[in-house]
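Student: Structure provided below as structure tokens; questions to follow.
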Amino acid sequence: MQLPLAISMGEPAGIGPDIALMAWRDRASHRLPPFYVIGDAALMESRAARLGIGVPIVPCLPEETYDTFAFGLPVLDIGEGIDDRPGQATPETGGVVIEAIRTGVEHIRAGRAGAIVTAPISKAVLAAAGFSHPGHTEFLGELARTFRVGPVRPVMMIWSESLAVVPVTIHIPLAAVPERLTTNLIVETGAIVAHDLVARFGIARPRLAVCGLNPHAGEGGLIGREDIEIVAPAVAELNRIGIAATGPHPADTLFHPAARETYDAVLGMYHDQVLAPVKTIAFDEGVNITLGLPFIRTSPDHGTAYGLAGTGTARPSSMIQAIALAGRLAARKGAA
């Protein structure tokens, strides 16, 4: 039997609790695998009542998920009676948010969960609570060290059925991208992406399309030298080590339907270069998956949406896709 999925509750004042409840409500129509939420059971119960969706909350252990899932949402209660105040974030809840993520990863390591799906967090709230990491990805990289000795290099992919993209540099100022971008960074990122596309997605020979940094991929050096001196050598090195990579491509012609047929994932040089296209093409279906980890982690590709929390207007599509993808990858891993 496949292990259940762990879902961290995320920011209590955001839509994390809402979309977890809605995902359980819609579980049958989307054929979702069994999952349990790690968080505050009282808050989940209050939010279900506020939304008027009649989801029974059943406090339980991960091992009880299969017996519980058919008639109620299993919740591993680690909370302390958090007040249900949608849209009103407070640093006092940061400890539970952090512990939910840590607990989910520990459950995977202990063979109690098959993967973790993380609901959106507020980086500002966690920073105010003393959280030292820029976000989920970096924290998960630290937790991954409990699985094995040696460095861990997490890589963020935004995946959908229509398009999968990876930014080589992520949350840094645009002005800092040229100085941070190196041939080695592109090659290292591409190698991790190719490895996980084989190991997790079952793509025998992944095809990577690599964006240029500058407009028109530098126009032969007329619009910057980075594509000649940094990006093109990275593409050549990826091919030398056996990875099918093409580029540098002008980003403005890489995302139309015919172009998307020619690759399995795109490597972009900076955040918005590839996240803007994927969110345009698959806004409600995009899933954030962290590659390069010794465990499976997915997340909805959106934020806390404080203004929608508790209103019943949040759409659970991305959470549902994140759960479905985590279940699919965990099942593949189990079969392997």
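For the structure tokens, the naming scheme is as follows: chains receive sequential letters (A, B, ...) according to their order of presentation, residues are indexed from 1 within each chain, and ligands are indexed from 1 in presentation order.
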So which residues touch Thr90 (chain A) within 10 Å, counting only C-alpha atoms, skipping near sequence neighbours fewer than 6 positions away, as a PyMOL selection string?

Tutor: chain A and resi 11-13+122+124-126+128-129

Student: Save out the residues we just selected, N, CA, C and O atoms, as a PDB file, in the first residue's frame.

Tutor:
ATOM      1  N   GLU A  11       0.538  29.034   6.146  1.00  0.00           N
ATOM      2  CA  GLU A  11       0.163  30.219   6.920  1.00  0.00           C
ATOM      3  C   GLU A  11      -1.315  30.142   7.336  1.00  0.00           C
ATOM      4  O   GLU A  11      -2.200  30.096   6.487  1.00  0.00           O
ATOM      5  N   PRO A  12      -1.598  30.131   8.650  1.00  0.00           N
ATOM      6  CA  PRO A  12      -2.981  29.957   9.110  1.00  0.00           C
ATOM      7  C   PRO A  12      -3.933  31.059   8.651  1.00  0.00           C
ATOM      8  O   PRO A  12      -5.130  30.805   8.474  1.00  0.00           O
ATOM      9  N   ALA A  13      -3.421  32.284   8.465  1.00  0.00           N
ATOM     10  CA  ALA A  13      -4.282  33.386   8.060  1.00  0.00           C
ATOM     11  C   ALA A  13      -4.502  33.443   6.551  1.00  0.00           C
ATOM     12  O   ALA A  13      -5.281  34.260   6.066  1.00  0.00           O
ATOM     13  N   SER A 122       4.014  32.587   4.580  1.00  0.00           N
ATOM     14  CA  SER A 122       4.375  33.995   4.473  1.00  0.00           C
ATOM     15  C   SER A 122       5.819  34.153   4.919  1.00  0.00           C
ATOM     16  O   SER A 122       6.126  33.952   6.099  1.00  0.00           O
ATOM     17  N   ALA A 124       7.473  36.872   5.224  1.00  0.00           N
ATOM     18  CA  ALA A 124       7.591  38.001   6.140  1.00  0.00           C
ATOM     19  C   ALA A 124       7.193  37.602   7.560  1.00  0.00           C
ATOM     20  O   ALA A 124       7.857  37.979   8.531  1.00  0.00           O
ATOM     21  N   VAL A 125       6.120  36.831   7.686  1.00  0.00           N
ATOM     22  CA  VAL A 125       5.670  36.397   9.008  1.00  0.00           C
ATOM     23  C   VAL A 125       6.707  35.488   9.649  1.00  0.00           C
ATOM     24  O   VAL A 125       7.036  35.632  10.834  1.00  0.00           O
ATOM     25  N   LEU A 126       7.237  34.540   8.880  1.00  0.00           N
ATOM     26  CA  LEU A 126       8.223  33.624   9.445  1.00  0.00           C
ATOM     27  C   LEU A 126       9.517  34.359   9.801  1.00  0.00           C
ATOM     28  O   LEU A 126      10.151  34.046  10.814  1.00  0.00           O
ATOM     29  N   ALA A 128       9.721  37.391  10.828  1.00  0.00           N
ATOM     30  CA  ALA A 128       9.438  38.093  12.079  1.00  0.00           C
ATOM     31  C   ALA A 128       9.446  37.141  13.271  1.00  0.00           C
ATOM     32  O   ALA A 128       9.686  37.560  14.410  1.00  0.00           O
ATOM     33  N   ALA A 129       9.199  35.863  13.003  1.00  0.00           N
ATOM     34  CA  ALA A 129       9.214  34.857  14.069  1.00  0.00           C
ATOM     35  C   ALA A 129      10.605  34.262  14.275  1.00  0.00           C
ATOM     36  O   ALA A 129      10.767  33.335  15.068  1.00  0.00           O
TER      37      ALA A 129
END

Student: Applying 10 Å and only C-alpha atoms, which residues near Phe139 (chain A) remain after dropping the ones on its own chain fewer than 5 positions away? List them as number ranges by chain.

Tutor: A: 98, 101-102, 131-134, 144, 154

Student: I'd like the interatomic distance between CA of Gly141 (chain A) and CA of Met156 (chain A), to a tenth of an Å.

Tutor: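 These atoms are spaced 11.2 Å apart.
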
Student: Choose the residue, out of A:Pro167, A:Pro215, A:Pro173, A:Gly54, that has the smallest atom-to-atom separation from Val274 (chain A); count only C-alpha atoms.

Tutor: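 Nearest candidate to Val274 (chain A) out of A:Pro167, A:Pro215, A:Pro173, A:Gly54: A:Pro167.
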
Student: Kindly indicate which residue among A:Pro56, A:Pro248, A:Gly221, A:Gly72 lies nearest to Val235 (chain A), using only C-alpha atoms for the distances.

Tutor: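 Counting only C-alpha atoms, the residue closest to Val235 (chain A) is A:Pro248.
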
Student: Tell me which protein, DNA and RNA residues are within 12 Å of Ile241 (chain A), counting only C-alpha atoms, leaving out same-chain ones fewer than 5 positions away, and put them as a short mmCIF file (atom, residue, chain, number, x, y, z; two decimals) with N, CA, C and O atoms, in the first residue's frame.

Tutor:
data_model
loop_
_atom_site.label_atom_id
_atom_site.label_comp_id
_atom_site.auth_asym_id
_atom_site.auth_seq_id
_atom_site.Cartn_x
_atom_site.Cartn_y
_atom_site.Cartn_z
N VAL A 187 25.11 24.65 -15.70
CA VAL A 187 25.36 23.22 -15.91
C VAL A 187 24.88 22.41 -14.71
O VAL A 187 24.22 21.37 -14.86
N GLU A 188 25.19 22.86 -13.52
CA GLU A 188 24.78 22.15 -12.31
C GLU A 188 23.26 22.06 -12.22
O GLU A 188 22.69 21.01 -11.92
N GLY A 190 21.07 22.34 -14.75
CA GLY A 190 20.59 21.48 -15.83
C GLY A 190 20.79 20.01 -15.54
O GLY A 190 19.93 19.18 -15.86
N ALA A 191 21.91 19.67 -14.91
CA ALA A 191 22.17 18.26 -14.58
C ALA A 191 21.18 17.73 -13.55
O ALA A 191 20.71 16.59 -13.65
N ALA A 194 17.78 17.31 -15.36
CA ALA A 194 17.79 16.12 -16.23
C ALA A 194 17.73 14.85 -15.39
O ALA A 194 16.98 13.91 -15.73
N HIS A 195 18.49 14.79 -14.33
CA HIS A 195 18.49 13.60 -13.47
C HIS A 195 17.10 13.31 -12.93
O HIS A 195 16.61 12.17 -12.97
N ALA A 234 27.74 26.70 -21.38
CA ALA A 234 26.98 25.80 -20.51
C ALA A 234 26.18 24.79 -21.34
O ALA A 234 26.13 23.60 -21.01
N VAL A 235 25.56 25.26 -22.41
CA VAL A 235 24.82 24.34 -23.29
C VAL A 235 25.77 23.30 -23.88
O VAL A 235 25.45 22.10 -23.94
N ALA A 236 26.94 23.74 -24.31
CA ALA A 236 27.93 22.81 -24.87
C ALA A 236 28.36 21.78 -23.83
O ALA A 236 28.50 20.59 -24.13
#

Student: Find the residues near Ile19 (chain A): any atom within 8 Å, counting only C-alpha atoms, skip ones fewer than 6 places away on the same chain, and give them as a PDB file with C-alpha atoms, in the first residue's frame.

Tutor:
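This went into selection.pdb:
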ATOM      1  CA  ALA A 314     -10.107  30.596  -3.282  1.00  0.00           C
ATOM      2  CA  ARG A 315      -9.645  28.048  -6.044  1.00  0.00           C
ATOM      3  CA  PRO A 316      -8.041  24.755  -4.975  1.00  0.00           C
ATOM      4  CA  MET A 319      -3.329  22.388  -4.521  1.00  0.00           C
TER       5      MET A 319
END

Student: Leaving out Met1 (chain A) and any residue of its chain fewer than 2 positions from it, which residues lie within 10 Å of it when counting only C-alpha atoms, given as a PyMOL selection string?

Tutor: chain A and resi 3-4+66+331+334

Student: Would you mind exporting the chosen residues as a PDB file, in the first residue's frame, restricted to C-alpha atoms?

Tutor:
ATOM      1  CA  LEU A   3       2.172   5.674   2.013  1.00  0.00           C
ATOM      2  CA  PRO A   4      -0.131   8.676   2.616  1.00  0.00           C
ATOM      3  CA  TYR A  66      -6.260   5.204   5.195  1.00  0.00           C
ATOM      4  CA  ALA A 331       3.784   5.820  -6.574  1.00  0.00           C
ATOM      5  CA  GLY A 334       7.492   3.032  -4.664  1.00  0.00           C
TER       6      GLY A 334
END

Student: Extract, using only C-alpha atoms, all DNA, RNA and protein residues at most 7 Å from region 298-312 of chain A, discarding same-chain residues fewer than 6 positions from it, and format them as a tab-separated table (two decimals) with N, CA and C atoms, in the first residue's frame.

Tutor:
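Heads up, here's the output in result.tsv:
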chain	number	residue	atom	x	y	z
A	11	GLU	N	0.54	29.03	6.15
A	11	GLU	CA	0.16	30.22	6.92
A	11	GLU	C	-1.32	30.14	7.34
A	13	ALA	N	-3.42	32.28	8.46
A	13	ALA	CA	-4.28	33.39	8.06
A	13	ALA	C	-4.50	33.44	6.55
A	14	GLY	N	-3.82	32.56	5.82
A	14	GLY	CA	-3.95	32.53	4.37
A	14	GLY	C	-4.91	31.45	3.91
A	15	ILE	N	-4.81	31.09	2.62
A	15	ILE	CA	-5.75	30.13	2.05
A	15	ILE	C	-5.28	28.69	2.14
A	16	GLY	N	-4.13	28.45	2.79
A	16	GLY	CA	-3.66	27.07	2.94
A	16	GLY	C	-4.70	26.15	3.54
A	18	ASP	N	-7.91	26.57	3.64
A	18	ASP	CA	-9.07	26.52	2.75
A	18	ASP	C	-8.88	25.50	1.63
A	47	ARG	N	-12.20	26.78	10.24
A	47	ARG	CA	-12.20	27.25	8.86
A	47	ARG	C	-13.22	26.49	8.01
A	50	ARG	N	-16.48	28.03	8.80
A	50	ARG	CA	-16.55	29.37	8.20
A	50	ARG	C	-16.87	29.28	6.71
A	51	LEU	N	-16.25	28.30	6.05
A	51	LEU	CA	-16.47	28.12	4.61
A	51	LEU	C	-17.80	27.45	4.30
A	86	PRO	N	-8.76	34.85	9.37
A	86	PRO	CA	-8.32	34.95	7.97
A	86	PRO	C	-7.86	36.36	7.62
A	87	GLY	N	-6.71	36.42	6.95
A	87	GLY	CA	-6.19	37.70	6.52
A	87	GLY	C	-5.42	38.48	7.56
A	116	ILE	N	5.71	15.14	0.73
A	116	ILE	CA	5.13	16.28	1.42
A	116	ILE	C	4.63	17.30	0.41
A	117	VAL	N	3.45	17.83	0.68
A	117	VAL	CA	2.87	18.92	-0.09
A	117	VAL	C	2.77	20.11	0.86
A	118	THR	N	3.43	21.20	0.52
A	118	THR	CA	3.46	22.34	1.43
A	118	THR	C	2.49	23.42	0.98
A	119	ALA	N	1.58	23.81	1.88
A	119	ALA	CA	0.68	24.92	1.59
A	119	ALA	C	1.46	26.23	1.70
A	120	PRO	N	0.97	27.31	1.10
A	120	PRO	CA	1.74	28.56	1.05
A	120	PRO	C	2.06	29.13	2.44
A	121	ILE	N	3.27	29.68	2.55
A	121	ILE	CA	3.70	30.34	3.78
A	121	ILE	C	3.91	31.82	3.51
A	122	SER	N	4.01	32.59	4.58
A	122	SER	CA	4.37	34.00	4.47
A	122	SER	C	5.82	34.15	4.92
A	286	GLY	N	-0.45	25.09	-12.27
A	286	GLY	CA	0.98	25.00	-12.02
A	286	GLY	C	1.29	24.46	-10.64
A	287	VAL	N	2.35	23.67	-10.57
A	287	VAL	CA	2.80	23.07	-9.31
A	287	VAL	C	4.27	23.40	-9.11
A	288	ASN	N	4.61	23.82	-7.91
A	288	ASN	CA	6.01	24.04	-7.55
A	288	ASN	C	6.56	22.73	-7.01
A	289	ILE	N	7.55	22.17	-7.68
A	289	ILE	CA	8.19	20.94	-7.22
A	289	ILE	C	9.68	21.20	-7.02
A	290	THR	N	10.20	20.77	-5.89
A	290	THR	CA	11.62	20.97	-5.59
A	290	THR	C	12.40	19.74	-6.05
A	318	SER	N	-4.62	24.44	-7.95
A	318	SER	CA	-3.17	24.20	-7.87
A	318	SER	C	-2.83	23.24	-6.74
A	319	MET	N	-3.54	23.34	-5.61
A	319	MET	CA	-3.33	22.39	-4.52
A	319	MET	C	-3.71	20.98	-4.96
A	322	ALA	N	-1.02	19.73	-7.08
A	322	ALA	CA	0.17	19.43	-6.29
A	322	ALA	C	0.03	18.09	-5.58
A	326	ALA	N	2.30	14.81	-6.48
A	326	ALA	CA	3.06	14.15	-5.41
A	326	ALA	C	2.69	12.68	-5.31

Student: Tell me which of A:Lys279, A:Tyr270, A:Arg207, A:Gly52 sits closest to Asn239 (chain A), counting only C-alpha atoms.

Tutor: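 Of all the options, A:Arg207 lies closest to Asn239 (chain A).
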
Student: Between CA of Thr65 (chain A) and CA of Phe35 (chain A), what distance in Å does the model show, to one decimal?

Tutor: 6.7 Å

Student: Using DSSP on the backbone coordinates, identify the residues of region 102-155 of chain A assigned to strand (DSSP E or B); present them as a PyMOL selection string.

Tutor: chain A and resi 115-118+155

Student: Any chance you could export the current selection's N, CA and C atoms as a PDB file, in the first residue's frame?

Tutor:
ATOM      1  N   ALA A 115       5.401  11.546   0.637  1.00  0.00           N
ATOM      2  CA  ALA A 115       5.833  12.828   0.072  1.00  0.00           C
ATOM      3  C   ALA A 115       5.232  13.923   0.931  1.00  0.00           C
ATOM      4  N   ILE A 116       5.708  15.139   0.726  1.00  0.00           N
ATOM      5  CA  ILE A 116       5.134  16.285   1.424  1.00  0.00           C
ATOM      6  C   ILE A 116       4.634  17.300   0.411  1.00  0.00           C
ATOM      7  N   VAL A 117       3.451  17.832   0.677  1.00  0.00           N
ATOM      8  CA  VAL A 117       2.866  18.925  -0.093  1.00  0.00           C
ATOM      9  C   VAL A 117       2.774  20.109   0.863  1.00  0.00           C
ATOM     10  N   THR A 118       3.426  21.204   0.521  1.00  0.00           N
ATOM     11  CA  THR A 118       3.465  22.342   1.432  1.00  0.00           C
ATOM     12  C   THR A 118       2.489  23.422   0.984  1.00  0.00           C
ATOM     13  N   VAL A 155      16.473  22.608  -6.351  1.00  0.00           N
ATOM     14  CA  VAL A 155      16.193  23.344  -7.587  1.00  0.00           C
ATOM     15  C   VAL A 155      14.679  23.478  -7.725  1.00  0.00           C
TER      16      VAL A 155
END

Student: Tell me which of A:Glu63, A:Glu138, A:Glu45, A:Glu80 sits closest to Ala110 (chain A), counting only C-alpha atoms.

Tutor: A:Glu63

Student: Quote the spacing between CA of Ala251 (chain A) and CA of Ile192 (chain A) in Å to one decimal place.

Tutor: 21.5 Å

Student: Rank A:Ile7, A:Val55, A:Ala209, A:Ile223 by their smallest atom-to-atom distance to Leu238 (chain A), using only C-alpha atoms, and report the top residue only.

Tutor: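 Answer, going by the shortest atom-to-atom distance: A:Ala209.
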
Student: Which of region 9-149 of chain A end up as alpha helix (DSSP H) when DSSP is run on this backbone - answer as a ChimeraX atom specification?

Tutor: /A:16-25,41-51,65-68,94-109,123-128,136-143

Student: Restricting the calculation to only C-alpha atoms: of A:Arg205, A:Arg112, A:Arg27, A:His256, which residue gets closest to Gly242 (chain A)?

Tutor: A:Arg205
